[in-house]
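Visitor: Structure file structure_38.cif (mmCIF, C-alpha atoms and all ligand atoms) right here:
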```
data_start
loop_
_atom_site.label_atom_id
_atom_site.label_comp_id
_atom_site.auth_asym_id
_atom_site.auth_seq_id
_atom_site.Cartn_x
_atom_site.Cartn_y
_atom_site.Cartn_z
CA MET A 234 -41.76 88.55 101.46
CA ARG A 235 -44.38 87.03 99.18
CA ARG A 236 -47.66 88.89 99.17
CA PRO A 237 -50.56 86.59 98.38
CA VAL A 238 -53.10 87.81 95.87
CA LEU A 239 -56.69 87.20 96.78
CA ARG A 240 -59.38 86.89 94.23
CA ARG A 241 -62.88 85.54 94.20
CA ALA A 242 -63.41 82.09 92.71
CA GLN A 243 -67.09 82.77 92.42
CA GLU A 244 -69.24 85.73 93.12
CA PRO A 245 -71.61 85.39 96.05
CA SER A 246 -74.94 84.62 94.50
CA GLY A 247 -76.77 87.51 96.05
CA ALA A 248 -78.33 88.23 99.39
CA ASN A 249 -79.92 84.81 99.61
CA SER A 250 -76.72 82.83 99.11
CA ASN A 251 -75.83 80.74 102.09
CA ARG A 252 -72.76 81.38 104.13
CA SER A 253 -70.87 78.25 103.07
CA ASP A 254 -70.98 79.47 99.45
CA LYS A 255 -69.27 82.64 100.53
CA ARG A 256 -66.44 80.69 102.13
CA ILE A 257 -65.33 79.25 98.81
CA TYR A 258 -62.81 81.58 97.27
CA GLU A 259 -59.53 81.03 95.61
CA TYR A 260 -56.37 82.18 97.25
CA THR A 261 -53.46 82.37 94.89
CA ASN A 262 -49.85 83.30 94.92
CA LYS A 263 -46.95 82.38 92.71
CA GLN A 264 -46.40 79.02 94.32
CA SER A 265 -49.72 77.74 95.49
CA HIS A 266 -53.35 77.68 94.61
CA ILE A 267 -55.53 76.83 97.53
CA LEU A 268 -58.94 77.54 98.90
CA PHE A 269 -58.86 80.11 101.63
CA GLY A 270 -61.92 81.83 102.97
CA LEU A 271 -61.15 83.84 106.09
CA PRO A 272 -59.70 87.03 104.52
CA ILE A 273 -62.74 87.35 102.29
CA LEU A 274 -65.06 86.71 105.21
CA LEU A 275 -63.35 89.52 107.09
CA GLU A 276 -63.53 91.76 104.05
CA GLN A 277 -67.27 91.15 104.03
CA ARG A 278 -67.49 91.81 107.79
CA ILE A 279 -68.43 88.19 108.48
CA SER A 280 -67.03 86.65 111.64
CA MET A 281 -65.84 83.05 111.90
CA LYS A 282 -65.24 81.01 115.04
CA VAL A 283 -62.27 78.64 115.11
CA ASN A 284 -61.97 75.68 117.47
CA LEU A 285 -58.26 75.00 118.06
CA LYS A 286 -58.79 71.50 119.42
CA GLU A 287 -60.61 70.56 116.23
CA LYS A 288 -57.88 72.14 114.08
CA PHE A 289 -55.10 70.30 115.94
CA SER A 290 -56.96 67.01 115.49
CA GLN A 291 -56.59 67.29 111.71
CA PHE A 292 -52.85 66.51 111.54
CA HIS A 293 -50.20 64.58 113.43
CA ASP A 294 -46.78 65.37 111.98
CA HIS A 295 -44.25 67.57 113.72
CA TRP A 296 -42.68 70.90 112.68
CA HIS A 297 -45.16 71.24 109.81
CA PRO A 298 -47.29 74.36 110.32
CA ARG A 299 -50.82 74.70 108.97
CA ILE A 300 -52.48 78.03 108.24
CA ILE A 301 -55.72 78.63 110.10
CA GLY A 302 -56.27 82.28 109.20
CA GLU A 303 -54.93 85.49 107.86
CA LEU A 304 -55.56 89.08 108.81
CA ASN A 305 -53.85 92.39 108.10
CA GLY A 306 -51.13 90.66 106.09
CA GLN A 307 -50.27 88.31 108.92
CA GLN A 308 -50.93 84.58 109.02
CA VAL A 309 -52.08 82.60 112.03
CA LYS A 310 -50.53 79.12 111.93
CA ILE A 311 -50.58 76.12 114.23
CA ALA A 312 -48.07 73.30 114.53
CA LYS A 313 -47.30 70.25 116.61
CA VAL A 314 -43.65 70.13 117.57
CA LYS A 315 -41.38 67.61 119.26
CA GLY A 316 -37.61 67.33 119.31
CA GLU A 317 -35.11 69.86 118.01
CA PHE A 318 -35.56 72.44 115.25
CA PRO A 319 -32.47 73.98 113.61
CA TRP A 320 -31.05 77.39 114.51
CA HIS A 321 -32.34 80.04 112.10
CA LYS A 322 -33.31 83.68 111.78
CA HIS A 323 -35.80 85.67 109.75
CA ASP A 324 -34.25 88.70 108.09
CA GLN A 325 -37.49 90.70 107.78
CA GLU A 326 -40.10 89.12 110.02
CA ASP A 327 -40.84 89.25 113.73
CA GLU A 328 -42.51 86.07 114.99
CA LEU A 329 -44.87 85.25 117.81
CA PHE A 330 -45.07 81.77 119.39
CA LEU A 331 -47.96 80.95 121.73
CA VAL A 332 -47.95 77.61 123.52
CA ILE A 333 -51.38 75.98 123.53
CA LYS A 334 -50.41 72.64 125.10
CA GLY A 335 -47.11 71.11 126.27
CA GLU A 336 -43.85 72.98 126.79
CA LEU A 337 -41.68 74.82 124.27
CA THR A 338 -38.05 75.81 124.71
CA LEU A 339 -36.89 78.86 122.77
CA GLU A 340 -33.14 79.30 122.76
CA PHE A 341 -31.35 82.46 121.76
CA LYS A 342 -27.58 82.87 121.57
CA ASP A 343 -27.51 84.56 124.99
CA LYS A 344 -30.52 83.06 126.80
CA LYS A 345 -33.09 80.33 126.91
CA HIS A 346 -36.82 80.55 127.62
CA ILE A 347 -39.13 77.73 128.64
CA LEU A 348 -42.74 78.39 127.75
CA LYS A 349 -45.69 76.54 129.20
CA ALA A 350 -49.26 76.45 127.93
CA GLY A 351 -50.70 79.94 127.96
CA GLU A 352 -47.30 81.61 127.58
CA MET A 353 -45.95 83.28 124.47
CA ILE A 354 -42.79 84.85 123.19
CA PHE A 355 -41.95 87.51 120.63
CA VAL A 356 -38.95 86.68 118.47
CA PRO A 357 -37.44 89.78 116.84
CA ARG A 358 -36.36 89.76 113.20
CA ASP A 359 -32.71 89.11 112.42
CA THR A 360 -32.28 87.20 115.69
CA GLU A 361 -30.97 83.61 115.76
CA HIS A 362 -33.35 81.28 117.56
CA LYS A 363 -33.87 77.58 118.09
CA PRO A 364 -37.17 76.04 119.16
CA SER A 365 -37.32 72.60 120.73
CA ALA A 366 -39.75 70.50 122.74
CA LYS A 367 -39.15 67.44 124.92
CA ILE A 368 -42.77 66.35 124.71
CA GLU A 369 -45.24 66.84 121.89
CA THR A 370 -46.30 70.46 122.10
CA GLN A 371 -48.98 72.45 120.32
CA ILE A 372 -48.10 75.97 119.29
CA MET A 373 -49.71 78.87 117.48
CA LEU A 374 -47.61 81.19 115.34
CA PHE A 375 -48.40 84.69 114.20
CA GLU A 376 -46.18 86.13 111.51
CA PRO A 377 -46.26 87.94 108.17
CA SER A 378 -47.72 85.93 105.28
CA GLY A 379 -45.02 84.09 103.41
CA THR A 380 -42.64 83.75 106.37
CA LEU A 381 -40.57 80.60 105.82
CA ASN A 382 -40.36 78.37 108.90
CA THR A 383 -36.58 77.94 108.57
CA GLY A 384 -35.98 81.64 107.85
CA SER A 385 -33.03 82.44 105.61
CA GLU A 386 -31.96 78.77 105.48
CA GLU A 387 -33.52 75.92 103.55
CA ASN A 388 -33.08 72.41 104.91
CA GLU A 389 -35.01 69.22 105.59
CA PHE A 390 -37.25 71.12 108.03
CA THR A 391 -38.32 73.71 105.45
CA ARG A 392 -42.05 73.61 104.68
CA LYS A 393 -43.44 75.63 101.79
CA ASP A 394 -46.93 76.03 100.38
CA LEU A 395 -48.55 75.41 103.71
CA GLU A 396 -51.96 73.82 103.80
CA VAL A 397 -54.91 75.87 104.96
CA ILE A 398 -57.14 73.98 107.38
NI NI A 401 -38.38 81.18 113.40
#
```
Show me the file's structure as structure tokens.
Ligand code: NI
Guide:
Amino acid sequence: MRRPVLRRAQEPSGANSNRSDKRIYEYTNKQSHILFGLPILLEQRISMKVNLKEKFSQFHDHWHPRIIGELNGQQVKIAKVKGEFPWHKHDQEDELFLVIKGELTLEFKDKKHILKAGEMIFVPRDTEHKPSAKIETQIMLFEPSGTLNTGSEENEFTRKDLEVI
């Protein structure tokens, strides 16, 4: 698992600096270099409200997660999904899927779950699973930072260096 390294892009300019200044920090790891403020806000005991509807309005493609936050080494991601996603497993990471809108099917080798808005499922590590959705569905994911969406496989669905929105 890749562990991102956080460092400040600029020091807060003292007690009178405004809050938006404090949100601008660099977030770096070996493969990406993006602005990411939430972990630093939390480190400084500053809360931040997130409006999911507004976040979902910022993108339209399917099976392409965006990062909306990170805490305790875990990332909170959102994605719009529709159609079939390939079977895969994550060797080290447990995953959580929460359905915000629509309907998500989560298939395992021995069972199948249908999740409606407001329902969530825990997917254990090292367990083959296949998400799919008949209609466009909005989901939130909670998983360790660096978890690859296609797990131990890389294919046309693999998305790396996810955008932070
Ligand atoms: Ni997965």
Visitor: Can you tell me which residues sit at most 10 Å away from ligand NI 401 (chain A), counting all atoms listed in the file, written as a PDB file with C-alpha atoms, in the frame of the given file?
Guide:
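Full text of pocket-v6.pdb as output:
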```
ATOM      1  CA  PHE A 318     -35.560  72.440 115.250  1.00  0.00           C
ATOM      2  CA  PRO A 319     -32.470  73.980 113.610  1.00  0.00           C
ATOM      3  CA  TRP A 320     -31.050  77.390 114.510  1.00  0.00           C
ATOM      4  CA  HIS A 321     -32.340  80.040 112.100  1.00  0.00           C
ATOM      5  CA  LYS A 322     -33.310  83.680 111.780  1.00  0.00           C
ATOM      6  CA  HIS A 323     -35.800  85.670 109.750  1.00  0.00           C
ATOM      7  CA  GLU A 326     -40.100  89.120 110.020  1.00  0.00           C
ATOM      8  CA  ASP A 327     -40.840  89.250 113.730  1.00  0.00           C
ATOM      9  CA  GLU A 328     -42.510  86.070 114.990  1.00  0.00           C
ATOM     10  CA  LEU A 329     -44.870  85.250 117.810  1.00  0.00           C
ATOM     11  CA  PHE A 330     -45.070  81.770 119.390  1.00  0.00           C
ATOM     12  CA  LEU A 339     -36.890  78.860 122.770  1.00  0.00           C
ATOM     13  CA  VAL A 356     -38.950  86.680 118.470  1.00  0.00           C
ATOM     14  CA  PRO A 357     -37.440  89.780 116.840  1.00  0.00           C
ATOM     15  CA  ARG A 358     -36.360  89.760 113.200  1.00  0.00           C
ATOM     16  CA  ASP A 359     -32.710  89.110 112.420  1.00  0.00           C
ATOM     17  CA  THR A 360     -32.280  87.200 115.690  1.00  0.00           C
ATOM     18  CA  GLU A 361     -30.970  83.610 115.760  1.00  0.00           C
ATOM     19  CA  HIS A 362     -33.350  81.280 117.560  1.00  0.00           C
ATOM     20  CA  LYS A 363     -33.870  77.580 118.090  1.00  0.00           C
ATOM     21  CA  PRO A 364     -37.170  76.040 119.160  1.00  0.00           C
ATOM     22  CA  LEU A 374     -47.610  81.190 115.340  1.00  0.00           C
ATOM     23  CA  GLU A 376     -46.180  86.130 111.510  1.00  0.00           C
ATOM     24  CA  THR A 380     -42.640  83.750 106.370  1.00  0.00           C
ATOM     25  CA  LEU A 381     -40.570  80.600 105.820  1.00  0.00           C
ATOM     26  CA  ASN A 382     -40.360  78.370 108.900  1.00  0.00           C
ATOM     27  CA  THR A 383     -36.580  77.940 108.570  1.00  0.00           C
ATOM     28  CA  GLY A 384     -35.980  81.640 107.850  1.00  0.00           C
ATOM     29  CA  SER A 385     -33.030  82.440 105.610  1.00  0.00           C
TER      30      SER A 385
END
```
Visitor: If I put a ball of radius 12 Å at (-44.6, 63.4, 108.4) in the file's coordinates, which residues poke into it when counting all atoms listed in the file, written as number ranges by chain?
Guide: A: 292-298, 313-314, 389-390, 392
Visitor: Restricting it to C-alpha atoms, dump the selection as a compact mmCIF listing (two decimals), in the frame of the given file.
Guide:
```txt
# COMPACT_ATOMS: atom_id res chain seq x y z
CA PHE A 292 -52.85 66.51 111.54
CA HIS A 293 -50.20 64.58 113.43
CA ASP A 294 -46.78 65.37 111.98
CA HIS A 295 -44.25 67.57 113.72
CA TRP A 296 -42.68 70.90 112.68
CA HIS A 297 -45.16 71.24 109.81
CA PRO A 298 -47.29 74.36 110.32
CA LYS A 313 -47.30 70.25 116.61
CA VAL A 314 -43.65 70.13 117.57
CA GLU A 389 -35.01 69.22 105.59
CA PHE A 390 -37.25 71.12 108.03
CA ARG A 392 -42.05 73.61 104.68
```
Visitor: Of the candidates A:Ile398, A:Gly306, A:Leu331, A:Gly379, which shows the shortest atom-to-atom distance to Asn284 (chain A), using all atoms listed in the file?
Guide: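 Smallest distance to Asn284 (chain A) is found for A:Ile398.
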Visitor: What is the CA of Ser378 (chain A)-CA of Val283 (chain A) distance in Å, reported with one decimal?
Guide: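 Between CA of Ser378 (chain A) and CA of Val283 (chain A) the gap is 19.0 Å.
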Visitor: Report, in Å with one decimal, the straight-line distance from CA of Ala366 (chain A) to CA of Lys315 (chain A).
Guide: 4.8 Å
Visitor: So which one's closest to Pro272 (chain A), A:Gln307, A:Thr370, A:Gln325, A:Thr338? Using only C-alpha atoms, please.
Guide: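 Looking at the shortest contact to Pro272 (chain A), the residue is A:Gln307.
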Visitor: I'd like the neighbourhood of Val397 (chain A) as a list of chain:residue names, where a residue qualifies if any of its atoms comes within 6 Å (using only C-alpha atoms), though same-chain residues fewer than 6 positions away should be ignored.
Guide: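 Skipping anything fewer than 6 positions along the chain leaves A:Arg299, A:Ile300, A:Ile301.
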Visitor: May I ask for the distance between CA of Ile311 (chain A) and CA of Ile372 (chain A), given in Å to one decimal place?
Guide: 5.6 Å
Visitor: From the list A:Glu386, A:Glu369, A:Glu352, A:Glu396, which residue is nearest Glu317 (chain A) when using only C-alpha atoms?
Guide: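 Of all the options, A:Glu369 lies closest to Glu317 (chain A).
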Visitor: When you count only C-alpha atoms, which of these residues is closest to Leu304 (chain A): A:Ile273, A:Thr391, A:Lys288, A:Lys367?
Guide: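 Among the listed residues, the smallest separation from Leu304 (chain A) belongs to A:Ile273.
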Visitor: Choose the residue, out of A:Glu387, A:Lys342, A:Phe289, A:Ile354, that has the smallest atom-to-atom separation from Gln371 (chain A); count all atoms listed in the file.
Guide: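 Smallest separation from Gln371 (chain A) among the options: A:Phe289.
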Visitor: Select, from A:Glu340, A:Leu285, A:Ile368, A:Ile333, the residue with the minimum atom-to-atom distance to Met353 (chain A), counting all atoms listed in the file.
Guide: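 Result for the nearest residue to Met353 (chain A): A:Ile333.
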